[in-house]
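Engineer: Sharing a structure with you now.
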Amino acid sequence: MIEVKRIRKSFGSLEVLKGIDVTIDRSEIVTIVGASGAGKTTLLQIIGTLMKADSGEVSITGTKINSLKEKQLASFRNKEIGFVFQFHHLLPEFTALENVCIPAFIARKSRIQTEKKAKELLQLLRLSERMDHKPSELSGGEQQRVAVARALINNPTVILADEPSGNLDTKNKNELHNLFFDLREKFGQTFVIVTHDKELAAMADRTLSMKDGCIVNGN
């Protein structure tokens, strides 16, 4: 599903990634752990096409990301990759339902089909009573579940999450972690999750440990 070969990335004189090689299978849930500054988020952003590597290549579902031009890359990202971040990044002026629909509207999918799918996802995530609420009217756990629904709206093959439970209390954190595994069983997506949470890392199919820009365990 995901193949990373010889990825290097520097910011000025600081080499953040030092020749990363990773293969992640279809429907696998993989966590990436390590101290702050180890290069975890940079690697995730390169896999997610949000940042370009200095060298090396990334393939997702057989597509070599490096070979795509900007418009092709944006289209591929919108269709194949869903993102869940530590901060939910919901647009405050839109309702939960509208926020979930946005990636599908960007992909020019029909409004009727998009809203139907969004409502199904929100119901699945126990948010059927909160669809018309704006983010300020939702709890932290509810906001993050809306963000998960938004990540799923285009049926992506890959979900990338960066500290998705970092701002949640224990109850909401545990619910979110279990949700990822429930979604994998239901939809078969591949999950790559950057986390400091030891419990989540222990639940994953595989954990990659990073240190000083290298994978030191779990490759």
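Each chain in the structure tokens gets a letter, A, B, ..., in the order shown, and its residues are numbered from 1; ligands are numbered from 1 in order too.
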Within 9 Å of stretch 37-47 of chain A, which residues of stretch 94-186 of chain A come that close, and what is the closest atom pair and distance in Å for each? Count only C-alpha atoms and give it as CSV.
Structural biologist:
residue,atom,partner,partner_atom,distance
A:Leu160,CA,A:Leu44,CA,7.2
A:Ala161,CA,A:Leu44,CA,8.2
A:Asp162,CA,A:Thr41,CA,6.8
Engineer: Which residues come within 7 Å of stretch 82-96 of chain A, counting only C-alpha atoms, excluding same-chain residues fewer than 6 positions away, as a PyMOL selection string?
Structural biologist: chain A and resi 131-136+143-144+146-148+151-152+156+158-167
Engineer: Skip A:Arg26 itself and residues of its chain fewer than 6 positions away, then list as number ranges by chain all residues within 8 Å of it, counting only C-alpha atoms.
Structural biologist: A: 1-2, 188-190
Engineer: Please give the complete set of residues from stretch 4-217 of chain A that DSSP, run on the backbone, assigns to strand (DSSP E), formatted as an MDAnalysis selection string.
Structural biologist: chainID A and resid 4:11 14:24 29:33 55:60 63:64 81:85 158:162 190:194 206:211 214:217
Engineer: Fewer than 3 positions away in the same chain doesn't count, so skip those; otherwise give me all residues within 10 Å of A:Ile215, counting only C-alpha atoms, as a ChimeraX atom specification.
Structural biologist: /A:17-22,32-34,38-40,208-212,218-219
Engineer: For those residues, write N, CA, C and O atoms to a file as a PDB file, in the first residue's frame.
Structural biologist:
ATOM      1  N   LEU A  17      15.463  13.808   8.110  1.00  0.00           N
ATOM      2  CA  LEU A  17      15.272  12.399   7.731  1.00  0.00           C
ATOM      3  C   LEU A  17      16.513  11.923   6.995  1.00  0.00           C
ATOM      4  O   LEU A  17      16.967  12.581   6.051  1.00  0.00           O
ATOM      5  N   LYS A  18      17.023  10.768   7.383  1.00  0.00           N
ATOM      6  CA  LYS A  18      18.341  10.333   6.914  1.00  0.00           C
ATOM      7  C   LYS A  18      18.272   9.003   6.166  1.00  0.00           C
ATOM      8  O   LYS A  18      18.894   8.019   6.549  1.00  0.00           O
ATOM      9  N   GLY A  19      17.478   8.980   5.108  1.00  0.00           N
ATOM     10  CA  GLY A  19      17.418   7.776   4.284  1.00  0.00           C
ATOM     11  C   GLY A  19      16.429   6.755   4.810  1.00  0.00           C
ATOM     12  O   GLY A  19      16.800   5.614   5.114  1.00  0.00           O
ATOM     13  N   ILE A  20      15.155   7.142   4.910  1.00  0.00           N
ATOM     14  CA  ILE A  20      14.118   6.286   5.483  1.00  0.00           C
ATOM     15  C   ILE A  20      13.605   5.283   4.458  1.00  0.00           C
ATOM     16  O   ILE A  20      13.285   5.642   3.321  1.00  0.00           O
ATOM     17  N   ASP A  21      13.503   4.026   4.880  1.00  0.00           N
ATOM     18  CA  ASP A  21      12.894   2.964   4.078  1.00  0.00           C
ATOM     19  C   ASP A  21      11.778   2.322   4.907  1.00  0.00           C
ATOM     20  O   ASP A  21      12.034   1.842   6.015  1.00  0.00           O
ATOM     21  N   VAL A  22      10.557   2.308   4.354  1.00  0.00           N
ATOM     22  CA  VAL A  22       9.413   1.724   5.060  1.00  0.00           C
ATOM     23  C   VAL A  22       8.459   1.112   4.043  1.00  0.00           C
ATOM     24  O   VAL A  22       8.214   1.700   2.987  1.00  0.00           O
ATOM     25  N   ILE A  32       3.892   5.399  14.588  1.00  0.00           N
ATOM     26  CA  ILE A  32       5.270   5.898  14.548  1.00  0.00           C
ATOM     27  C   ILE A  32       5.508   6.636  15.853  1.00  0.00           C
ATOM     28  O   ILE A  32       4.775   7.569  16.195  1.00  0.00           O
ATOM     29  N   VAL A  33       6.517   6.194  16.585  1.00  0.00           N
ATOM     30  CA  VAL A  33       6.804   6.786  17.891  1.00  0.00           C
ATOM     31  C   VAL A  33       8.239   7.295  17.924  1.00  0.00           C
ATOM     32  O   VAL A  33       9.062   6.971  17.055  1.00  0.00           O
ATOM     33  N   GLY A  34       8.535   8.090  18.945  1.00  0.00           N
ATOM     34  CA  GLY A  34       9.872   8.642  19.095  1.00  0.00           C
ATOM     35  C   GLY A  34       9.801   9.989  19.779  1.00  0.00           C
ATOM     36  O   GLY A  34       8.735  10.605  19.870  1.00  0.00           O
ATOM     37  N   ALA A  38      12.356  13.790  16.336  1.00  0.00           N
ATOM     38  CA  ALA A  38      12.909  12.579  15.713  1.00  0.00           C
ATOM     39  C   ALA A  38      12.636  12.522  14.218  1.00  0.00           C
ATOM     40  O   ALA A  38      13.271  11.753  13.499  1.00  0.00           O
ATOM     41  N   GLY A  39      11.664  13.317  13.746  1.00  0.00           N
ATOM     42  CA  GLY A  39      11.344  13.331  12.316  1.00  0.00           C
ATOM     43  C   GLY A  39      10.009  12.686  11.987  1.00  0.00           C
ATOM     44  O   GLY A  39       9.667  12.509  10.809  1.00  0.00           O
ATOM     45  N   LYS A  40       9.208  12.355  12.993  1.00  0.00           N
ATOM     46  CA  LYS A  40       7.951  11.618  12.788  1.00  0.00           C
ATOM     47  C   LYS A  40       6.964  12.395  11.912  1.00  0.00           C
ATOM     48  O   LYS A  40       6.444  11.870  10.928  1.00  0.00           O
ATOM     49  N   LEU A 208       6.751   1.638  14.518  1.00  0.00           N
ATOM     50  CA  LEU A 208       8.058   2.073  14.036  1.00  0.00           C
ATOM     51  C   LEU A 208       8.610   3.102  15.011  1.00  0.00           C
ATOM     52  O   LEU A 208       7.955   4.103  15.295  1.00  0.00           O
ATOM     53  N   SER A 209       9.790   2.864  15.533  1.00  0.00           N
ATOM     54  CA  SER A 209      10.430   3.809  16.451  1.00  0.00           C
ATOM     55  C   SER A 209      11.460   4.638  15.696  1.00  0.00           C
ATOM     56  O   SER A 209      12.302   4.085  14.985  1.00  0.00           O
ATOM     57  N   MET A 210      11.370   5.959  15.850  1.00  0.00           N
ATOM     58  CA  MET A 210      12.308   6.860  15.170  1.00  0.00           C
ATOM     59  C   MET A 210      13.205   7.563  16.177  1.00  0.00           C
ATOM     60  O   MET A 210      12.774   7.898  17.271  1.00  0.00           O
ATOM     61  N   LYS A 211      14.448   7.775  15.753  1.00  0.00           N
ATOM     62  CA  LYS A 211      15.410   8.519  16.567  1.00  0.00           C
ATOM     63  C   LYS A 211      16.370   9.228  15.634  1.00  0.00           C
ATOM     64  O   LYS A 211      16.956   8.600  14.732  1.00  0.00           O
ATOM     65  N   ASP A 212      16.493  10.519  15.811  1.00  0.00           N
ATOM     66  CA  ASP A 212      17.455  11.331  15.042  1.00  0.00           C
ATOM     67  C   ASP A 212      17.327  11.103  13.546  1.00  0.00           C
ATOM     68  O   ASP A 212      18.331  10.954  12.830  1.00  0.00           O
ATOM     69  N   GLY A 218      11.402  -1.762  14.290  1.00  0.00           N
ATOM     70  CA  GLY A 218      10.062  -2.043  13.752  1.00  0.00           C
ATOM     71  C   GLY A 218       9.938  -1.905  12.259  1.00  0.00           C
ATOM     72  O   GLY A 218       8.856  -2.023  11.721  1.00  0.00           O
ATOM     73  N   ASN A 219      11.002  -1.683  11.523  1.00  0.00           N
ATOM     74  CA  ASN A 219      10.918  -1.465  10.071  1.00  0.00           C
ATOM     75  C   ASN A 219      10.386  -2.718   9.381  1.00  0.00           C
ATOM     76  O   ASN A 219      10.861  -3.800   9.639  1.00  0.00           O
TER      77      ASN A 219
END
Engineer: One decimal, Å: what's the distance from atom CA of A:Lys117 over to atom CA of A:Leu179, could you say?
Structural biologist: 18.0 Å
Engineer: Apply DSSP to the structure's backbone, then extract all residues of stretch 7-173 of chain A labelled helix (DSSP H, G or I) and return them as number ranges by chain.
Structural biologist: A: 40-47, 65-67, 70-80, 96-106, 111-124, 135-137, 140-152, 170-173
Engineer: Between A:Arg77, A:Lys5, A:Arg111, A:Arg206, which is the closest to A:Ser59 once you count only C-alpha atoms?
Structural biologist: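 Selected residue with least distance to A:Ser59: A:Lys5.
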Engineer: Got a sec: who's within 6 Å of A:Val16, counting only C-alpha atoms, leaving out chain neighbours fewer than 6 positions off, as a list in words?
Structural biologist: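 The neighbour list is Lys9, Ser10, Gly39 and Gly213 of chain A.
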Engineer: Would you output that residue set with N, CA and C atoms, as a PDB file, in the first residue's frame?
Structural biologist:
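File written: selection.pdb
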ATOM      1  N   LYS A   9      15.407  14.413   4.055  1.00  0.00           N
ATOM      2  CA  LYS A   9      14.851  15.762   4.119  1.00  0.00           C
ATOM      3  C   LYS A   9      15.677  16.593   5.090  1.00  0.00           C
ATOM      4  N   SER A  10      16.078  17.778   4.623  1.00  0.00           N
ATOM      5  CA  SER A  10      16.829  18.710   5.469  1.00  0.00           C
ATOM      6  C   SER A  10      16.124  20.050   5.507  1.00  0.00           C
ATOM      7  N   GLY A  39      11.664  13.317  13.746  1.00  0.00           N
ATOM      8  CA  GLY A  39      11.344  13.331  12.316  1.00  0.00           C
ATOM      9  C   GLY A  39      10.009  12.686  11.987  1.00  0.00           C
ATOM     10  N   GLY A 213      16.082  11.064  13.040  1.00  0.00           N
ATOM     11  CA  GLY A 213      15.862  10.985  11.603  1.00  0.00           C
ATOM     12  C   GLY A 213      15.996   9.607  10.996  1.00  0.00           C
TER      13      GLY A 213
END
